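Asks: Just so it is clear, I am handing over start.txt, which has compact mmCIF, C-alpha atoms.
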```txt
# COMPACT_ATOMS: atom_id res chain seq x y z
CA MET A 7 34.45 -25.34 -31.77
CA ALA A 8 31.35 -24.31 -29.79
CA ALA A 9 28.37 -26.59 -30.05
CA PRO A 10 25.35 -25.22 -31.93
CA ALA A 11 22.56 -23.70 -29.86
CA ALA A 12 20.24 -26.57 -30.78
CA ALA A 13 22.51 -28.90 -28.83
CA HIS A 14 21.62 -27.02 -25.67
CA PRO A 15 17.82 -26.81 -25.58
CA GLU A 16 17.93 -25.56 -22.01
CA ALA A 17 19.52 -22.34 -23.33
CA LEU A 18 16.52 -21.67 -25.56
CA ARG A 19 13.10 -20.42 -24.61
CA SER A 20 10.01 -19.42 -26.48
CA PRO A 21 9.88 -15.75 -27.47
CA GLY A 22 7.47 -13.60 -25.51
CA ARG A 23 7.77 -15.66 -22.32
CA SER A 24 8.96 -14.25 -19.03
CA ALA A 25 9.29 -15.29 -15.41
CA GLY A 26 6.71 -12.74 -14.30
CA LEU A 27 7.61 -10.66 -11.26
CA LEU A 28 10.85 -12.63 -10.95
CA ASP A 29 11.95 -11.13 -14.26
CA VAL A 30 11.53 -7.51 -13.18
CA TYR A 31 15.03 -7.25 -11.71
CA ARG A 32 16.60 -8.37 -15.00
CA TRP A 33 14.73 -5.56 -16.76
CA ARG A 34 15.51 -2.96 -14.07
CA PHE A 35 17.05 -0.52 -16.56
CA LEU A 36 13.70 -0.32 -18.37
CA LEU A 37 11.88 -0.14 -15.03
CA ARG A 38 13.81 3.05 -14.21
CA LEU A 39 12.81 4.56 -17.56
CA LEU A 40 9.14 3.74 -16.95
CA VAL A 41 9.23 5.35 -13.50
CA ARG A 42 10.82 8.52 -14.89
CA LYS A 43 8.34 8.63 -17.74
CA GLU A 44 5.36 8.25 -15.42
CA LEU A 45 6.60 11.01 -13.11
CA ARG A 46 7.21 13.38 -16.04
CA VAL A 47 3.78 12.72 -17.51
CA ARG A 48 2.03 13.12 -14.17
CA TYR A 49 3.56 16.51 -13.40
CA ARG A 50 3.67 17.93 -16.91
CA GLY A 51 2.32 21.48 -16.76
CA SER A 52 2.08 21.34 -12.96
CA VAL A 53 3.26 24.33 -10.91
CA LEU A 54 3.73 22.54 -7.58
CA GLY A 55 4.93 19.22 -9.01
CA LEU A 56 6.09 16.84 -6.29
CA LEU A 57 4.93 19.30 -3.64
CA TRP A 58 1.45 17.85 -4.15
CA SER A 59 2.77 14.90 -2.14
CA TYR A 60 2.70 17.25 0.86
CA VAL A 61 -0.38 19.30 0.02
CA LYS A 62 -2.90 16.48 -0.47
CA PRO A 63 -2.21 14.50 2.73
CA GLY A 64 -1.81 17.78 4.62
CA VAL A 65 -5.30 18.94 3.68
CA GLN A 66 -6.69 15.47 4.38
CA LEU A 67 -5.09 15.45 7.82
CA VAL A 68 -6.50 18.85 8.75
CA VAL A 69 -10.02 17.90 7.66
CA PHE A 70 -10.03 14.57 9.50
CA TYR A 71 -8.36 16.02 12.60
CA VAL A 72 -10.94 18.79 12.90
CA ALA A 73 -13.86 16.43 12.21
CA MET A 74 -12.75 13.44 14.29
CA GLY A 75 -10.34 14.99 16.77
CA LYS A 76 -12.17 18.19 17.65
CA PHE A 77 -15.82 17.72 16.72
CA LEU A 78 -16.07 14.11 17.97
CA GLY A 79 -13.60 14.63 20.82
CA LEU A 80 -11.10 11.88 19.96
CA ASP A 81 -8.27 14.35 20.53
CA ARG A 82 -9.23 14.49 24.20
CA GLN A 83 -9.61 10.72 24.53
CA GLN A 84 -6.47 9.64 22.70
CA PRO A 85 -3.02 11.08 23.52
CA ASN A 86 -1.12 12.40 20.50
CA TYR A 87 -4.17 11.70 18.38
CA ILE A 88 -2.76 13.70 15.49
CA ILE A 89 0.19 11.27 15.23
CA TYR A 90 -2.20 8.32 15.50
CA LEU A 91 -4.30 9.82 12.71
CA PHE A 92 -1.43 10.84 10.45
CA SER A 93 0.34 7.47 10.63
CA GLY A 94 -2.88 5.79 9.49
CA ILE A 95 -3.48 8.33 6.73
CA VAL A 96 0.03 7.85 5.34
CA MET A 97 -0.48 4.08 5.12
CA VAL A 98 -3.95 4.22 3.58
CA ASN A 99 -2.88 6.89 1.06
CA TYR A 100 0.10 4.78 0.04
CA PHE A 101 -2.10 1.72 -0.39
CA SER A 102 -4.63 3.74 -2.38
CA GLU A 103 -2.01 5.02 -4.79
CA VAL A 104 -0.38 1.62 -5.27
CA PHE A 105 -3.73 -0.12 -5.82
CA SER A 106 -5.26 2.48 -8.14
CA ASN A 107 -2.10 3.06 -10.19
CA THR A 108 -1.36 -0.63 -10.73
CA THR A 109 -4.98 -1.22 -11.74
CA ARG A 110 -4.64 1.35 -14.54
CA ALA A 111 -1.02 0.58 -15.45
CA ILE A 112 -1.64 -1.72 -18.42
CA VAL A 113 -4.40 0.40 -19.96
CA LEU A 114 -2.39 3.61 -19.60
CA ASN A 115 0.59 1.98 -21.34
CA ALA A 116 -1.50 0.40 -24.10
CA ASP A 117 0.74 1.71 -26.90
CA LEU A 118 3.80 -0.04 -25.47
CA VAL A 119 1.90 -3.23 -24.70
CA LYS A 120 0.63 -3.50 -28.29
CA LYS A 121 3.87 -2.66 -30.09
CA ILE A 122 6.80 -4.31 -28.29
CA TYR A 123 7.45 -7.26 -26.03
CA LEU A 124 8.57 -6.73 -22.45
CA PRO A 125 7.45 -8.30 -19.19
CA ARG A 126 4.00 -6.82 -18.59
CA GLU A 127 4.62 -6.85 -14.85
CA LEU A 128 7.03 -3.95 -15.35
CA PHE A 129 4.09 -1.55 -15.67
CA PRO A 130 2.39 -2.28 -12.32
CA VAL A 131 5.77 -2.51 -10.57
CA SER A 132 6.78 0.89 -11.98
CA SER A 133 3.53 2.28 -10.55
CA VAL A 134 4.55 0.93 -7.14
CA TRP A 135 7.87 2.78 -7.37
CA VAL A 136 6.09 6.00 -8.32
CA ALA A 137 3.88 5.59 -5.25
CA MET A 138 7.03 5.15 -3.15
CA VAL A 139 8.42 8.42 -4.51
CA HIS A 140 5.28 10.14 -3.21
CA LEU A 141 5.43 8.21 0.08
CA PHE A 142 8.88 9.38 1.18
CA PRO A 143 7.95 13.07 1.70
CA GLN A 144 4.95 12.03 3.79
CA LEU A 145 7.10 9.68 5.87
CA ALA A 146 9.59 12.49 6.47
CA VAL A 147 6.83 14.75 7.79
CA LEU A 148 5.41 11.92 9.90
CA VAL A 149 8.79 11.17 11.48
CA LEU A 150 9.36 14.87 12.21
CA ALA A 151 5.91 15.19 13.80
CA ALA A 152 6.48 12.02 15.84
CA VAL A 153 9.83 13.34 17.13
CA VAL A 154 8.17 16.60 18.19
CA GLY A 155 5.55 14.48 19.98
CA GLY A 156 8.22 12.70 22.03
CA TRP A 157 8.92 9.73 19.74
CA ARG A 158 11.45 7.33 21.29
CA PRO A 159 11.33 4.17 19.15
CA GLY A 160 13.02 0.90 19.98
CA GLY A 161 14.10 -1.84 17.61
CA LEU A 162 10.68 -3.50 17.58
CA ASN A 163 8.99 -0.19 16.82
CA LEU A 164 11.21 0.41 13.80
CA LEU A 165 10.65 -3.18 12.66
CA ALA A 166 6.90 -2.60 12.92
CA CYS A 167 7.23 0.47 10.66
CA LEU A 168 9.00 -1.61 8.02
CA GLY A 169 6.41 -4.36 8.40
CA ALA A 170 3.59 -1.87 7.83
CA LEU A 171 5.23 -0.64 4.61
CA LEU A 172 5.90 -4.18 3.40
CA ILE A 173 2.33 -5.38 4.02
CA THR A 174 0.88 -2.29 2.33
CA THR A 175 3.14 -2.65 -0.71
CA LEU A 176 2.44 -6.36 -1.21
CA ALA A 177 -1.32 -6.02 -0.67
CA GLY A 178 -1.59 -3.11 -3.11
CA LEU A 179 0.54 -4.85 -5.74
CA GLY A 180 -1.31 -8.16 -5.42
CA LEU A 181 -4.73 -6.57 -5.76
CA GLY A 182 -3.43 -4.31 -8.53
CA LEU A 183 -2.22 -7.28 -10.56
CA VAL A 184 -5.67 -8.88 -10.37
CA PHE A 185 -7.68 -5.76 -11.12
CA GLY A 186 -5.13 -4.46 -13.63
CA ALA A 187 -5.49 -7.63 -15.70
CA VAL A 188 -9.28 -7.66 -15.42
CA ASN A 189 -9.40 -3.94 -16.25
CA VAL A 190 -8.03 -4.67 -19.72
CA LEU A 191 -11.09 -6.80 -20.43
CA PHE A 192 -13.69 -4.88 -18.40
CA ARG A 193 -13.18 -1.19 -17.62
CA ASP A 194 -15.70 -1.52 -14.78
CA ALA A 195 -12.77 -2.76 -12.68
CA GLU A 196 -11.61 0.84 -12.21
CA ASN A 197 -14.96 1.84 -10.73
CA LEU A 198 -14.90 -1.17 -8.41
CA VAL A 199 -11.42 -0.19 -7.23
CA ASP A 200 -12.66 3.33 -6.48
CA LEU A 201 -15.43 1.84 -4.32
CA ILE A 202 -12.94 -0.35 -2.44
CA LEU A 203 -10.65 2.60 -1.79
CA MET A 204 -13.58 4.69 -0.59
CA MET A 205 -14.23 2.05 2.08
CA ALA A 206 -10.56 1.37 2.91
CA THR A 207 -10.26 4.27 5.36
CA TRP A 208 -13.21 2.99 7.38
CA LEU A 209 -12.44 -0.75 7.24
CA SER A 210 -9.26 -0.28 9.28
CA PRO A 211 -8.51 1.81 12.41
CA VAL A 212 -7.36 5.00 10.68
CA LEU A 213 -9.81 7.55 12.06
CA TYR A 214 -11.01 5.61 15.10
CA THR A 215 -9.24 3.47 17.70
CA TRP A 216 -9.15 -0.31 17.48
CA ASP A 217 -11.20 -0.79 20.66
CA LYS A 218 -14.22 0.79 18.93
CA ALA A 219 -14.20 -2.08 16.42
CA TYR A 220 -13.49 -4.61 19.17
CA GLY A 221 -16.49 -3.37 21.14
CA VAL A 222 -18.76 -4.28 18.23
CA LEU A 223 -17.00 -7.26 16.63
CA GLY A 224 -15.05 -8.77 19.52
CA GLY A 225 -15.86 -12.41 20.20
CA THR A 226 -17.43 -12.94 16.78
CA PRO A 227 -16.00 -14.39 13.52
CA LEU A 228 -16.20 -10.89 12.04
CA TRP A 229 -13.38 -9.83 14.38
CA TRP A 230 -11.13 -12.38 12.69
CA VAL A 231 -12.18 -11.09 9.28
CA TYR A 232 -11.50 -7.51 10.38
CA GLN A 233 -8.06 -8.40 11.73
CA ALA A 234 -7.14 -10.55 8.70
CA ASN A 235 -7.51 -7.45 6.52
CA PRO A 236 -3.91 -6.50 5.53
CA GLY A 237 -4.86 -2.84 5.84
CA THR A 238 -5.82 -3.34 9.48
CA ALA A 239 -2.56 -5.16 10.23
CA ALA A 240 -0.46 -2.51 8.45
CA ILE A 241 -2.09 0.41 10.24
CA GLN A 242 -1.85 -1.26 13.64
CA LEU A 243 1.85 -1.85 13.02
CA ALA A 244 2.23 1.78 11.93
CA HIS A 245 0.57 2.87 15.17
CA TYR A 246 2.93 0.63 17.14
CA GLY A 247 5.91 2.05 15.28
CA PHE A 248 5.13 5.77 15.04
CA TRP A 249 2.49 6.55 17.66
CA LEU A 250 2.96 4.21 20.62
CA PRO A 251 6.61 5.17 21.43
CA SER A 252 5.67 8.81 22.08
CA GLN A 253 5.95 9.89 25.70
CA LYS A 254 2.30 10.84 26.24
CA VAL A 255 1.06 7.49 24.97
CA THR A 256 3.62 5.55 27.02
CA ASP A 257 2.57 7.39 30.17
CA LYS A 258 -1.15 6.76 29.66
CA TYR A 259 -0.83 3.05 28.90
CA ALA A 260 2.01 2.29 31.33
CA HIS A 261 -0.32 0.42 33.67
CA HIS A 262 -2.67 -0.86 30.93
CA VAL A 263 -5.70 0.89 32.32
CA GLY A 264 -8.66 -0.55 30.41
CA LEU A 265 -7.83 -1.94 26.98
CA PRO A 266 -4.18 -1.74 25.83
CA ALA A 267 -3.04 0.71 23.17
CA VAL A 268 -2.71 -2.02 20.54
CA PRO A 269 -4.87 -5.15 20.03
CA PHE A 270 -4.24 -8.37 21.91
CA HIS A 271 -1.62 -10.53 20.16
CA PHE A 272 -1.11 -7.82 17.55
CA VAL A 273 2.21 -9.38 16.48
CA TRP A 274 0.40 -12.51 15.34
CA TRP A 275 -2.22 -10.37 13.63
CA GLY A 276 0.63 -8.61 11.83
CA LEU A 277 2.08 -11.92 10.67
CA LEU A 278 -1.37 -12.96 9.48
CA GLY A 279 -1.65 -9.70 7.55
CA LEU A 280 1.75 -10.32 5.97
CA ALA A 281 0.76 -13.87 5.00
CA THR A 282 -2.46 -12.56 3.46
CA SER A 283 -0.51 -9.96 1.48
CA VAL A 284 1.90 -12.57 0.14
CA LEU A 285 -1.06 -14.73 -0.85
CA LEU A 286 -2.57 -11.75 -2.70
CA VAL A 287 0.65 -11.35 -4.71
CA VAL A 288 0.69 -15.06 -5.61
CA VAL A 289 -2.97 -14.96 -6.68
CA GLY A 290 -2.41 -11.68 -8.51
CA GLN A 291 0.55 -13.07 -10.45
CA PHE A 292 -1.46 -16.18 -11.38
CA VAL A 293 -4.44 -14.16 -12.69
CA PHE A 294 -2.15 -11.71 -14.48
CA ARG A 295 -0.24 -14.49 -16.27
CA ARG A 296 -3.47 -16.20 -17.30
CA LEU A 297 -4.88 -13.04 -18.89
CA GLU A 298 -1.81 -11.25 -20.25
CA GLY A 299 -1.96 -13.17 -23.55
CA ARG A 300 -5.14 -11.24 -24.35
CA PHE A 301 -3.80 -7.78 -23.48
CA ALA A 302 -2.62 -6.72 -26.94
CA GLN A 303 -5.78 -8.00 -28.59
CA GLU A 304 -8.17 -6.35 -26.13
CA LEU A 305 -6.30 -3.04 -26.10
```
Let's see the structure in the file written out as structure tokens.
Replies:
Amino acid sequence: MAAPAAAHPEALRSPGRSAGLLDVYRWRFLLRLLVRKELRVRYRGSVLGLLWSYVKPGVQLVVFYVAMGKFLGLDRQQPNYIIYLFSGIVMVNYFSEVFSNTTRAIVLNADLVKKIYLPRELFPVSSVWVAMVHLFPQLAVLVLAAVVGGWRPGGLNLLACLGALLITTLAGLGLGLVFGAVNVLFRDAENLVDLILMMATWLSPVLYTWDKAYGVLGGTPLWWVYQANPGTAAIQLAHYGFWLPSQKVTDKYAHHVGLPAVPFHFVWWGLLGLATSVLLVVVGQFVFRRLEGRFAQEL
């Protein structure tokens, strides 16, 4: 006869306890439902639907390309500047959506949080998946544009593309866990996130080239701070993966005239950005777990 459950205390656990992000995979069936629900709600009554994933970055690219590429002349200074610009825009838009959506995830799902138990991390993680759904069309357009521009990637270039996506995902999720938990207690967190995202495009080499920042910050501690920013590391890896392998860029920088196309020791900067992103996830999970007991009450 089987022993009673009390004889195996290791098989028991307190109700309402989870393993945090590590428990998301076990609840993946519910994660899929949350992703579908969020997509349906977002595009309810919309005519274009998912096509907005093309329209918004397309308009943004045109505006920045005309302003920075034509008016300020960066198109004449930088070969295939439109690919350089678009690869940065795709990364910063992806980060913005992950960060902003995860920050609002708990508040927007207040009814579920108050009524039933499930790992609260499911909500920010589902927001990450929704952001990925919107990312794939932009990546497809970016790859097509890069191929037209003479894109000939090697193994390291493709690895850099994956590294850029990984850093961006982890950084956005980590920050989203922190601000999403704080946002339940203080709604001002959403406004602070909007301010951060407003600065994100300018705090990393999206519109300008890295040497412009190096000319001002190089040789100072601020250069280390600038490079330790996960957004900077992700965008530099995206440039290495999507922009650098194009023929025009390869020809210009073949003899390393002046400063190279990517920062010195950029691989190590990329690893530093990855380490910073992982640290953000660890800190985010810690803050989230400390505050989640108050979610139902505060909502």
Asks: Excluding same-chain residues fewer than 3 positions from Phe292 of chain A, what lies within 12 Å of it counting only C-alpha atoms, as a list in words?
Replies: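 Non-adjacent residues within range: Ala25, Gly26, Leu27, Glu127, Gly180, Leu181, Leu183, Val184, Ala187, Leu285, Leu286, Val287, Val288, Val289, Arg295, Arg296, Leu297 and Glu298 of chain A.
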Asks: Could you list as a PyMOL selection string every residue that has an atom within 10 Å of (3.9, 17.4, 17.8), using the file's coordinates and counting only C-alpha atoms?
Replies: chain A and resi 86-89+148+150-157+252
Asks: I'd like the interatomic distance between atom CA of His140 of chain A and atom CA of Leu67 of chain A, to a tenth of an Å.
Replies: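 Interatomic distance here is 16.0 Å.
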Asks: Quote the spacing between atom CA of Gly94 of chain A and atom CA of Tyr49 of chain A in Å to one decimal place.
Replies: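 One can read the atom CA of Gly94 of chain A to atom CA of Tyr49 of chain A distance as 26.1 Å.
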Asks: Between A:Gln83, A:Ser106, A:Ser133, A:Asn115, which one has atoms that come closest to Phe301 of chain A, using all atoms listed in the file?
Replies: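 Closest to Phe301 of chain A of all the choices is A:Asn115.
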Asks: If we count only C-alpha atoms and set the cut-off at 10 Å, which residues sit around Val199 of chain A, ignoring sequence neighbours fewer than 4 positions away in its own chain? Please answer as a VMD selection string.
Replies: chain A and resid 102 105 to 106 109 181 to 182 185 to 186 189 194 to 195 203 to 205
Asks: So what do you get for atom CA of Val212 of chain A versus atom CA of His245 of chain A, distance-wise?
Replies: 9.4 Å
Asks: Report as an mmCIF file with C-alpha atoms, keeping the file's coordinate frame all protein, DNA and RNA residues lying within 12 Å of Asn99 of chain A, evaluated on all atoms listed in the file, omitting residues in the same chain fewer than 3 positions from it.
Replies:
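The resulting file, selection.cif, is reproduced below:
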```cif
data_model
loop_
_atom_site.group_PDB
_atom_site.id
_atom_site.type_symbol
_atom_site.label_atom_id
_atom_site.label_comp_id
_atom_site.auth_asym_id
_atom_site.auth_seq_id
_atom_site.Cartn_x
_atom_site.Cartn_y
_atom_site.Cartn_z
ATOM 1 C CA SER A 59 2.770 14.900 -2.140
ATOM 2 C CA TYR A 60 2.700 17.250 0.860
ATOM 3 C CA LYS A 62 -2.900 16.480 -0.470
ATOM 4 C CA PRO A 63 -2.210 14.500 2.730
ATOM 5 C CA GLY A 64 -1.810 17.780 4.620
ATOM 6 C CA GLN A 66 -6.690 15.470 4.380
ATOM 7 C CA LEU A 67 -5.090 15.450 7.820
ATOM 8 C CA PHE A 92 -1.430 10.840 10.450
ATOM 9 C CA SER A 93 0.340 7.470 10.630
ATOM 10 C CA GLY A 94 -2.880 5.790 9.490
ATOM 11 C CA ILE A 95 -3.480 8.330 6.730
ATOM 12 C CA VAL A 96 0.030 7.850 5.340
ATOM 13 C CA SER A 102 -4.630 3.740 -2.380
ATOM 14 C CA GLU A 103 -2.010 5.020 -4.790
ATOM 15 C CA VAL A 104 -0.380 1.620 -5.270
ATOM 16 C CA PHE A 105 -3.730 -0.120 -5.820
ATOM 17 C CA SER A 106 -5.260 2.480 -8.140
ATOM 18 C CA ASN A 107 -2.100 3.060 -10.190
ATOM 19 C CA ALA A 137 3.880 5.590 -5.250
ATOM 20 C CA MET A 138 7.030 5.150 -3.150
ATOM 21 C CA HIS A 140 5.280 10.140 -3.210
ATOM 22 C CA LEU A 141 5.430 8.210 0.080
ATOM 23 C CA GLN A 144 4.950 12.030 3.790
ATOM 24 C CA LEU A 145 7.100 9.680 5.870
ATOM 25 C CA LEU A 171 5.230 -0.640 4.610
ATOM 26 C CA THR A 174 0.880 -2.290 2.330
ATOM 27 C CA THR A 175 3.140 -2.650 -0.710
ATOM 28 C CA GLY A 178 -1.590 -3.110 -3.110
ATOM 29 C CA LEU A 203 -10.650 2.600 -1.790
ATOM 30 C CA MET A 204 -13.580 4.690 -0.590
ATOM 31 C CA ALA A 206 -10.560 1.370 2.910
ATOM 32 C CA THR A 207 -10.260 4.270 5.360
ATOM 33 C CA VAL A 212 -7.360 5.000 10.680
ATOM 34 C CA GLY A 237 -4.860 -2.840 5.840
ATOM 35 C CA ILE A 241 -2.090 0.410 10.240
#
```
Asks: Measuring between all atoms listed in the file, which one of A:Leu213, A:Ile173, A:Val268, A:Val47 shows the shortest distance to Gly75 of chain A?
Replies: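 Closest to Gly75 of chain A, using all atoms listed in the file: A:Leu213.
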Asks: Considering all atoms listed in the file, can you say which of A:Val119, A:Val284, A:Val139, A:Leu191 comes closest to Leu57 of chain A?
Replies: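 With all atoms listed in the file as the atom set, the closest residue is A:Val139.
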Asks: Taking into account only C-alpha atoms, which residue in the set A:Phe142, A:Tyr123, A:Phe101, A:Tyr246 is nearest to Ser283 of chain A?
Replies: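 When distances to Ser283 of chain A are compared using only C-alpha atoms, the smallest one comes from A:Phe101.
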Asks: Could you pull the residues within 12 Å of Tyr232 of chain A, counting only C-alpha atoms, minus those fewer than 4 positions along the same chain, as a compact mmCIF listing (two decimals) with C-alpha atoms, in the coordinates of the input?
Replies:
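The resulting part-v1.txt:
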```txt
# COMPACT_ATOMS: atom_id res chain seq x y z
CA ALA A 206 -10.56 1.37 2.91
CA TRP A 208 -13.21 2.99 7.38
CA LEU A 209 -12.44 -0.75 7.24
CA SER A 210 -9.26 -0.28 9.28
CA PRO A 211 -8.51 1.81 12.41
CA TRP A 216 -9.15 -0.31 17.48
CA ALA A 219 -14.20 -2.08 16.42
CA TYR A 220 -13.49 -4.61 19.17
CA VAL A 222 -18.76 -4.28 18.23
CA LEU A 223 -17.00 -7.26 16.63
CA GLY A 224 -15.05 -8.77 19.52
CA GLY A 225 -15.86 -12.41 20.20
CA THR A 226 -17.43 -12.94 16.78
CA PRO A 227 -16.00 -14.39 13.52
CA LEU A 228 -16.20 -10.89 12.04
CA PRO A 236 -3.91 -6.50 5.53
CA GLY A 237 -4.86 -2.84 5.84
CA THR A 238 -5.82 -3.34 9.48
CA ALA A 239 -2.56 -5.16 10.23
CA GLN A 242 -1.85 -1.26 13.64
CA PRO A 269 -4.87 -5.15 20.03
CA TRP A 275 -2.22 -10.37 13.63
CA LEU A 278 -1.37 -12.96 9.48
CA GLY A 279 -1.65 -9.70 7.55
```
Asks: For a quick check of understanding, using only C-alpha atoms, which of A:Tyr31, A:Ser132, A:Tyr90, A:Asp200 has the smallest distance to Leu45 of chain A?
Replies: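 The answer is A:Ser132, which sits nearest to Leu45 of chain A.
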Asks: Would you mind putting all heavy atoms back on segment 136-144 of chain A and writing the result as an mmCIF file, in the coordinates of the input?
Replies:
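Written out: selection.cif:
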```
data_model
loop_
_atom_site.group_PDB
_atom_site.id
_atom_site.type_symbol
_atom_site.label_atom_id
_atom_site.label_comp_id
_atom_site.auth_asym_id
_atom_site.auth_seq_id
_atom_site.Cartn_x
_atom_site.Cartn_y
_atom_site.Cartn_z
ATOM 1 N N VAL A 136 6.576 4.621 -8.288
ATOM 2 C CA VAL A 136 6.090 6.000 -8.320
ATOM 3 C C VAL A 136 5.362 6.326 -7.014
ATOM 4 O O VAL A 136 5.530 7.412 -6.443
ATOM 5 C CB VAL A 136 5.157 6.216 -9.529
ATOM 6 C CG1 VAL A 136 4.463 7.576 -9.444
ATOM 7 C CG2 VAL A 136 5.948 6.123 -10.826
ATOM 8 N N ALA A 137 4.563 5.386 -6.530
ATOM 9 C CA ALA A 137 3.880 5.590 -5.250
ATOM 10 C C ALA A 137 4.883 5.752 -4.112
ATOM 11 O O ALA A 137 4.666 6.542 -3.188
ATOM 12 C CB ALA A 137 2.933 4.418 -4.970
ATOM 13 N N MET A 138 5.995 5.017 -4.167
ATOM 14 C CA MET A 138 7.030 5.150 -3.150
ATOM 15 C C MET A 138 7.668 6.531 -3.183
ATOM 16 O O MET A 138 7.997 7.111 -2.132
ATOM 17 C CB MET A 138 8.099 4.077 -3.340
ATOM 18 C CG MET A 138 7.672 2.686 -2.952
ATOM 19 S SD MET A 138 9.032 1.492 -3.117
ATOM 20 C CE MET A 138 8.222 -0.011 -2.588
ATOM 21 N N VAL A 139 7.870 7.067 -4.385
ATOM 22 C CA VAL A 139 8.420 8.420 -4.510
ATOM 23 C C VAL A 139 7.530 9.420 -3.793
ATOM 24 O O VAL A 139 8.006 10.344 -3.132
ATOM 25 C CB VAL A 139 8.573 8.800 -6.001
ATOM 26 C CG1 VAL A 139 8.929 10.274 -6.149
ATOM 27 C CG2 VAL A 139 9.645 7.937 -6.662
ATOM 28 N N HIS A 140 6.214 9.246 -3.890
ATOM 29 C CA HIS A 140 5.280 10.140 -3.210
ATOM 30 C C HIS A 140 5.166 9.820 -1.723
ATOM 31 O O HIS A 140 4.748 10.683 -0.935
ATOM 32 C CB HIS A 140 3.896 10.021 -3.857
ATOM 33 C CG HIS A 140 3.873 10.480 -5.281
ATOM 34 N ND1 HIS A 140 3.072 9.901 -6.248
ATOM 35 C CD2 HIS A 140 4.571 11.452 -5.917
ATOM 36 C CE1 HIS A 140 3.268 10.501 -7.402
ATOM 37 N NE2 HIS A 140 4.171 11.442 -7.231
ATOM 38 N N LEU A 141 5.515 8.602 -1.335
ATOM 39 C CA LEU A 141 5.430 8.210 0.080
ATOM 40 C C LEU A 141 6.529 8.845 0.914
ATOM 41 O O LEU A 141 6.281 9.261 2.060
ATOM 42 C CB LEU A 141 5.504 6.684 0.181
ATOM 43 C CG LEU A 141 5.672 6.102 1.588
ATOM 44 C CD1 LEU A 141 4.409 6.306 2.413
ATOM 45 C CD2 LEU A 141 6.022 4.610 1.507
ATOM 46 N N PHE A 142 7.742 8.937 0.383
ATOM 47 C CA PHE A 142 8.880 9.380 1.180
ATOM 48 C C PHE A 142 8.694 10.770 1.788
ATOM 49 O O PHE A 142 9.024 10.977 2.968
ATOM 50 C CB PHE A 142 10.158 9.332 0.341
ATOM 51 C CG PHE A 142 10.586 7.920 0.011
ATOM 52 C CD1 PHE A 142 11.147 7.623 -1.213
ATOM 53 C CD2 PHE A 142 10.421 6.895 0.924
ATOM 54 C CE1 PHE A 142 11.539 6.323 -1.530
ATOM 55 C CE2 PHE A 142 10.802 5.597 0.634
ATOM 56 C CZ PHE A 142 11.369 5.314 -0.600
ATOM 57 N N PRO A 143 8.173 11.768 1.052
ATOM 58 C CA PRO A 143 7.950 13.070 1.700
ATOM 59 C C PRO A 143 6.968 12.983 2.868
ATOM 60 O O PRO A 143 7.151 13.639 3.893
ATOM 61 C CB PRO A 143 7.391 13.945 0.563
ATOM 62 C CG PRO A 143 7.854 13.289 -0.685
ATOM 63 C CD PRO A 143 7.880 11.833 -0.392
ATOM 64 N N GLN A 144 5.922 12.175 2.711
ATOM 65 C CA GLN A 144 4.950 12.030 3.790
ATOM 66 C C GLN A 144 5.576 11.351 5.003
ATOM 67 O O GLN A 144 5.298 11.724 6.154
ATOM 68 C CB GLN A 144 3.751 11.220 3.305
ATOM 69 C CG GLN A 144 2.994 11.862 2.153
ATOM 70 C CD GLN A 144 1.837 11.003 1.679
ATOM 71 O OE1 GLN A 144 1.033 10.523 2.469
ATOM 72 N NE2 GLN A 144 1.740 10.795 0.374
#
```
